[in-house]
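K.L.:
Below are the structure tokens for one structure; questions will follow.
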Amino acid sequence: MVLYPVMKHVVARAARLVYRPVVDGLENIPTDGPVILAANHLSFIDSVVIPMVVPRRVSFLAKAEYFTGTGVKGSLSRWFFSSLGHVPVHRGKGRDARAALDTAAEILGRGEAFAIYPEGTRSLDGKLHRGRTGVARMALESGAPVVPVGIIGTDKVQPVGSKFPKIVPVTVRFGEPLDFSRYDGMQESLPVLRSVTDEIIYRILDLSGQEYVDAYQKTPEKVTAAA
């Protein structure tokens with residue numbers, strides 16, 4: 001917990017001075033109480049940019065492997081992701097997916113802010129892909145408002161294959177909170193989950209200006225296997 005303020009007030013402040021991100025709609029984020037920040041995902045840097053510009057503490061789910069490494073590299077990885085407010089979770093299906101939702105529920109239950117990428121993984125083509133329904137289930141189970149987030153330009157900061165980040169314009173847009181209380185008690189309905197997810201994705205689309213693809217983004221592993 002001590003690491004987060006250091007990253008937030010020292011490192012993030014320095015990064016803001018260098019990159020000077022353009023931030024719109026910050027007033028749409030509630031100052032207290034649970035809130036889900038649902039964003040598009042163009043780069044690893046997204047998970048640095050969001051907590052950098054949001055005044056509140058923001059938690060993310062991160063691969064457990066980032067926290068289990070050994071040696072100096074493992075220690076640095078744990079420090080870095082912990083300082084950003086990331087919470088370790090095993091990725092997968094079934095029990096792992098449920099565990100991820102339970103972890104998010106605990107964070108939201110404490111009245112905190114939680115960020116999620118509805119696409120499930122980073123966009124490999126710069127387009128916005130069909131959202132996975134975990135974000136909808138999370139919203140309906142917690143009752144927390146969902147603030148859509150459109151991130152622009154982070155894919156140019158450190159393109160795949162580059163060793164060092166570049167100083168390029170980055171914009172983060174926060175939309176008006178979405179209230180899904182009209183679906184109370186319907187979190188087991190697949191059509192409702194799909195409808196809620198699509199509504200969130202379309203709002204992100206408005207903010208990010210990306211081209212939409214009505215198909216799930218393949219994970220990097222699947223792309224490699226299909227090549």
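Every chain in the structure tokens has a letter given in the order shown (A, B, ...), and although residue numbers restart at 1 in each chain, ligands are simply numbered from 1 in the order shown.
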Write out as a PyMOL selection string the residues lying within 12 Å of Asp102 (chain A), counting only C-alpha atoms and excluding same-chain residues fewer than 2 positions away.

P.N.:
chain A and resi 61+87+89+95-100+104-109+134+137-138+141-142

K.L.:
Selection from above, N, CA and C atoms, as a short mmCIF file (atom, residue, chain, number, x, y, z; two decimals), in the first residue's frame, can you write it?

P.N.:
data_model
loop_
_atom_site.label_atom_id
_atom_site.label_comp_id
_atom_site.auth_asym_id
_atom_site.auth_seq_id
_atom_site.Cartn_x
_atom_site.Cartn_y
_atom_site.Cartn_z
N LEU A 61 -6.48 -5.97 -12.49
CA LEU A 61 -6.07 -7.35 -12.36
C LEU A 61 -4.86 -7.56 -13.27
N VAL A 87 -3.48 -6.20 -8.94
CA VAL A 87 -3.77 -7.32 -8.05
C VAL A 87 -3.53 -8.62 -8.82
N VAL A 89 -3.84 -12.27 -10.33
CA VAL A 89 -4.92 -13.23 -10.55
C VAL A 89 -4.48 -14.19 -11.64
N ARG A 95 -12.90 -21.64 -13.00
CA ARG A 95 -12.59 -21.17 -11.66
C ARG A 95 -11.72 -19.92 -11.67
N ASP A 96 -10.78 -19.85 -12.61
CA ASP A 96 -9.91 -18.68 -12.67
C ASP A 96 -10.69 -17.42 -13.02
N ALA A 97 -11.64 -17.53 -13.95
CA ALA A 97 -12.46 -16.39 -14.33
C ALA A 97 -13.33 -15.95 -13.16
N ARG A 98 -13.87 -16.91 -12.43
CA ARG A 98 -14.69 -16.60 -11.27
C ARG A 98 -13.86 -15.94 -10.18
N ALA A 99 -12.63 -16.42 -10.01
CA ALA A 99 -11.74 -15.84 -9.02
C ALA A 99 -11.43 -14.38 -9.36
N ALA A 100 -11.28 -14.10 -10.66
CA ALA A 100 -11.01 -12.72 -11.08
C ALA A 100 -12.20 -11.82 -10.74
N ALA A 104 -12.33 -8.64 -8.09
CA ALA A 104 -12.85 -7.32 -8.46
C ALA A 104 -13.99 -6.92 -7.52
N ALA A 105 -14.84 -7.89 -7.15
CA ALA A 105 -15.96 -7.61 -6.25
C ALA A 105 -15.47 -7.13 -4.89
N GLU A 106 -14.37 -7.73 -4.42
CA GLU A 106 -13.81 -7.31 -3.14
C GLU A 106 -13.33 -5.86 -3.20
N ILE A 107 -12.68 -5.51 -4.30
CA ILE A 107 -12.18 -4.14 -4.47
C ILE A 107 -13.33 -3.15 -4.53
N LEU A 108 -14.34 -3.47 -5.33
CA LEU A 108 -15.50 -2.58 -5.45
C LEU A 108 -16.29 -2.54 -4.15
N GLY A 109 -16.32 -3.67 -3.43
CA GLY A 109 -17.03 -3.72 -2.15
C GLY A 109 -16.43 -2.80 -1.11
N GLY A 134 -17.55 -10.25 -18.99
CA GLY A 134 -17.13 -10.13 -17.59
C GLY A 134 -17.40 -8.76 -17.02
N ARG A 137 -21.12 -8.55 -16.04
CA ARG A 137 -21.40 -9.31 -14.83
C ARG A 137 -20.87 -8.56 -13.60
N MET A 138 -19.69 -7.99 -13.73
CA MET A 138 -19.09 -7.23 -12.64
C MET A 138 -19.96 -6.03 -12.26
N GLU A 141 -23.36 -7.32 -10.66
CA GLU A 141 -23.19 -7.92 -9.34
C GLU A 141 -22.82 -6.89 -8.28
N SER A 142 -22.06 -5.88 -8.67
CA SER A 142 -21.60 -4.87 -7.71
C SER A 142 -22.53 -3.68 -7.60
#

K.L.:
Considering only strand (DSSP E) as DSSP defines it on the backbone, what residues of region 27-109 of chain A qualify? List them as a JSON list (two decimals) with all heavy atoms, in the first residue's frame.

P.N.:
[["chain", "number", "residue", "atom", "x", "y", "z"],
["A", 35, "VAL", "N", -16.53, 2.31, -8.43],
["A", 35, "VAL", "CA", -16.70, 2.69, -9.83],
["A", 35, "VAL", "C", -15.83, 1.78, -10.69],
["A", 35, "VAL", "O", -14.73, 1.40, -10.30],
["A", 35, "VAL", "CB", -16.33, 4.17, -10.08],
["A", 35, "VAL", "CG1", -14.86, 4.45, -9.76],
["A", 35, "VAL", "CG2", -16.64, 4.58, -11.52],
["A", 36, "ILE", "N", -16.36, 1.41, -11.85],
["A", 36, "ILE", "CA", -15.64, 0.58, -12.81],
["A", 36, "ILE", "C", -15.22, 1.47, -13.97],
["A", 36, "ILE", "O", -16.04, 2.14, -14.59],
["A", 36, "ILE", "CB", -16.53, -0.56, -13.33],
["A", 36, "ILE", "CG1", -16.94, -1.48, -12.18],
["A", 36, "ILE", "CG2", -15.79, -1.36, -14.42],
["A", 36, "ILE", "CD1", -18.01, -2.49, -12.56],
["A", 37, "LEU", "N", -13.92, 1.50, -14.26],
["A", 37, "LEU", "CA", -13.39, 2.22, -15.40],
["A", 37, "LEU", "C", -13.17, 1.21, -16.52],
["A", 37, "LEU", "O", -12.31, 0.34, -16.41],
["A", 37, "LEU", "CB", -12.09, 2.93, -15.05],
["A", 37, "LEU", "CG", -12.12, 3.88, -13.85],
["A", 37, "LEU", "CD1", -10.73, 4.47, -13.61],
["A", 37, "LEU", "CD2", -13.14, 4.98, -14.06],
["A", 38, "ALA", "N", -13.96, 1.30, -17.58],
["A", 38, "ALA", "CA", -13.89, 0.33, -18.68],
["A", 38, "ALA", "C", -13.24, 1.00, -19.89],
["A", 38, "ALA", "O", -13.80, 1.93, -20.47],
["A", 38, "ALA", "CB", -15.29, -0.16, -19.04],
["A", 39, "ALA", "N", -12.03, 0.53, -20.26],
["A", 39, "ALA", "CA", -11.25, 1.21, -21.29],
["A", 39, "ALA", "C", -10.88, 0.31, -22.45],
["A", 39, "ALA", "O", -10.85, -0.92, -22.33],
["A", 39, "ALA", "CB", -9.95, 1.76, -20.66],
["A", 58, "VAL", "N", -6.56, 3.45, -8.33],
["A", 58, "VAL", "CA", -7.19, 2.56, -9.30],
["A", 58, "VAL", "C", -6.51, 1.20, -9.24],
["A", 58, "VAL", "O", -5.29, 1.11, -9.28],
["A", 58, "VAL", "CB", -7.08, 3.13, -10.73],
["A", 58, "VAL", "CG1", -7.77, 2.19, -11.72],
["A", 58, "VAL", "CG2", -7.69, 4.52, -10.81],
["A", 59, "SER", "N", -7.32, 0.15, -9.15],
["A", 59, "SER", "CA", -6.79, -1.21, -9.13],
["A", 59, "SER", "C", -7.07, -1.91, -10.44],
["A", 59, "SER", "O", -8.10, -1.67, -11.09],
["A", 59, "SER", "CB", -7.41, -2.02, -7.98],
["A", 59, "SER", "OG", -7.04, -1.49, -6.73],
["A", 60, "PHE", "N", -6.14, -2.77, -10.85],
["A", 60, "PHE", "CA", -6.28, -3.60, -12.04],
["A", 60, "PHE", "C", -6.04, -5.05, -11.64],
["A", 60, "PHE", "O", -5.42, -5.33, -10.61],
["A", 60, "PHE", "CB", -5.21, -3.27, -13.08],
["A", 60, "PHE", "CG", -5.30, -1.91, -13.71],
["A", 60, "PHE", "CD1", -4.85, -0.79, -13.04],
["A", 60, "PHE", "CD2", -5.79, -1.77, -15.00],
["A", 60, "PHE", "CE1", -4.90, 0.46, -13.63],
["A", 60, "PHE", "CE2", -5.83, -0.52, -15.60],
["A", 60, "PHE", "CZ", -5.39, 0.59, -14.91],
["A", 61, "LEU", "N", -6.48, -5.97, -12.49],
["A", 61, "LEU", "CA", -6.07, -7.35, -12.36],
["A", 61, "LEU", "C", -4.86, -7.56, -13.27],
["A", 61, "LEU", "O", -4.83, -7.04, -14.38],
["A", 61, "LEU", "CB", -7.20, -8.31, -12.77],
["A", 61, "LEU", "CG", -8.45, -8.30, -11.91],
["A", 61, "LEU", "CD1", -9.45, -9.34, -12.44],
["A", 61, "LEU", "CD2", -8.13, -8.57, -10.46],
["A", 62, "ALA", "N", -3.88, -8.30, -12.80],
["A", 62, "ALA", "CA", -2.69, -8.57, -13.59],
["A", 62, "ALA", "C", -2.33, -10.04, -13.49],
["A", 62, "ALA", "O", -2.70, -10.71, -12.52],
["A", 62, "ALA", "CB", -1.52, -7.71, -13.10],
["A", 63, "LYS", "N", -1.65, -10.55, -14.50],
["A", 63, "LYS", "CA", -1.24, -11.96, -14.49],
["A", 63, "LYS", "C", -0.44, -12.28, -13.24],
["A", 63, "LYS", "O", 0.46, -11.54, -12.86],
["A", 63, "LYS", "CB", -0.41, -12.28, -15.74],
["A", 63, "LYS", "CG", -1.17, -12.21, -17.05],
["A", 63, "LYS", "CD", -0.33, -12.75, -18.20],
["A", 63, "LYS", "CE", 0.91, -11.92, -18.44],
["A", 63, "LYS", "NZ", 1.67, -12.42, -19.63],
["A", 86, "HIS", "N", -1.93, -2.99, -9.10],
["A", 86, "HIS", "CA", -2.36, -4.23, -9.73],
["A", 86, "HIS", "C", -2.51, -5.35, -8.70],
["A", 86, "HIS", "O", -1.74, -5.43, -7.74],
["A", 86, "HIS", "CB", -1.34, -4.66, -10.79],
["A", 86, "HIS", "CG", -1.36, -3.79, -12.02],
["A", 86, "HIS", "ND1", -1.22, -2.43, -11.96],
["A", 86, "HIS", "CD2", -1.51, -4.09, -13.33],
["A", 86, "HIS", "CE1", -1.28, -1.93, -13.19],
["A", 86, "HIS", "NE2", -1.45, -2.92, -14.04],
["A", 87, "VAL", "N", -3.48, -6.20, -8.94],
["A", 87, "VAL", "CA", -3.77, -7.32, -8.05],
["A", 87, "VAL", "C", -3.53, -8.62, -8.82],
["A", 87, "VAL", "O", -4.07, -8.78, -9.93],
["A", 87, "VAL", "CB", -5.23, -7.27, -7.55],
["A", 87, "VAL", "CG1", -5.53, -8.46, -6.66],
["A", 87, "VAL", "CG2", -5.48, -5.97, -6.81],
["A", 88, "PRO", "N", -2.74, -9.54, -8.29],
["A", 88, "PRO", "CA", -2.45, -10.79, -9.03],
["A", 88, "PRO", "C", -3.67, -11.68, -9.16],
["A", 88, "PRO", "O", -4.44, -11.84, -8.22],
["A", 88, "PRO", "CB", -1.35, -11.45, -8.19],
["A", 88, "PRO", "CG", -1.57, -10.93, -6.81],
["A", 88, "PRO", "CD", -2.04, -9.52, -6.99],
["A", 89, "VAL", "N", -3.84, -12.27, -10.33],
["A", 89, "VAL", "CA", -4.92, -13.23, -10.55],
["A", 89, "VAL", "C", -4.48, -14.19, -11.64],
["A", 89, "VAL", "O", -3.76, -13.81, -12.58],
["A", 89, "VAL", "CB", -6.23, -12.52, -10.96],
["A", 89, "VAL", "CG1", -6.09, -11.85, -12.31],
["A", 89, "VAL", "CG2", -7.40, -13.48, -10.95]]

K.L.:
Please identify all polymer residues within 7 Å of Asn28 (chain A), counting only C-alpha atoms, omitting same-chain residues fewer than 5 positions from it, and present them as a PyMOL selection string.

P.N.:
chain A and resi 174-177

K.L.:
Apply DSSP to the backbone of this structure and, from region 66-219 of chain A, keep only the residues in alpha helix (DSSP H); write these as a PyMOL selection string.

P.N.:
chain A and resi 71-83+95-109+134-142+154-157+190-208

K.L.:
Please produce, as JSON lines, a per-residue contact table for region 60-169 of chain A versus region 197-204 of chain A (criterion: any atom at most 9 Å away, only C-alpha atoms considered), showing the nearest atom pair and its distance in Å to one decimal, sorted by chain then residue number.

P.N.:
{"residue": "A:Pro118", "atom": "CA", "partner": "A:Ile201", "partner_atom": "CA", "distance": 7.5}
{"residue": "A:Glu119", "atom": "CA", "partner": "A:Ile201", "partner_atom": "CA", "distance": 8.6}
{"residue": "A:Leu128", "atom": "CA", "partner": "A:Ile201", "partner_atom": "CA", "distance": 8.2}
{"residue": "A:His129", "atom": "CA", "partner": "A:Ile201", "partner_atom": "CA", "distance": 8.4}
{"residue": "A:Arg130", "atom": "CA", "partner": "A:Ile201", "partner_atom": "CA", "distance": 7.4}
{"residue": "A:Gly131", "atom": "CA", "partner": "A:Thr197", "partner_atom": "CA", "distance": 6.1}
{"residue": "A:Arg132", "atom": "CA", "partner": "A:Thr197", "partner_atom": "CA", "distance": 7.0}
{"residue": "A:Thr133", "atom": "CA", "partner": "A:Thr197", "partner_atom": "CA", "distance": 5.6}
{"residue": "A:Gly134", "atom": "CA", "partner": "A:Thr197", "partner_atom": "CA", "distance": 8.2}
{"residue": "A:Val135", "atom": "CA", "partner": "A:Thr197", "partner_atom": "CA", "distance": 6.7}
{"residue": "A:Ala136", "atom": "CA", "partner": "A:Thr197", "partner_atom": "CA", "distance": 5.3}
{"residue": "A:Arg137", "atom": "CA", "partner": "A:Thr197", "partner_atom": "CA", "distance": 8.8}
{"residue": "A:Val146", "atom": "CA", "partner": "A:Ile200", "partner_atom": "CA", "distance": 7.9}
{"residue": "A:Val147", "atom": "CA", "partner": "A:Ile200", "partner_atom": "CA", "distance": 8.5}
{"residue": "A:Pro148", "atom": "CA", "partner": "A:Ile204", "partner_atom": "CA", "distance": 5.4}
{"residue": "A:Val149", "atom": "CA", "partner": "A:Ile204", "partner_atom": "CA", "distance": 5.7}
{"residue": "A:Gly150", "atom": "CA", "partner": "A:Ile204", "partner_atom": "CA", "distance": 5.4}
{"residue": "A:Ile151", "atom": "CA", "partner": "A:Ile204", "partner_atom": "CA", "distance": 8.8}

K.L.:
Would you work out the distance separating CA of Ala215 (chain A) from CA of Phe44 (chain A), expressed in Å to one decimal?

P.N.:
21.3 Å

K.L.:
So the first atom is CA of Leu193 (chain A) and the second is CA of Pro30 (chain A); what is the distance between them in Å, to one decimal place?

P.N.:
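Atom-to-atom, CA of Leu193 (chain A) to CA of Pro30 (chain A), that is 23.7 Å.
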
K.L.:
Hey, which of A:Gly185, A:Asp125, A:Thr154, A:Ser162 ends up closest to Ala139 (chain A)? Count only C-alpha atoms.

P.N.:
A:Gly185

K.L.:
Tell me, in Å to one decimal, how far CA of Pro169 (chain A) is from CA of Leu205 (chain A).

P.N.:
19.1 Å
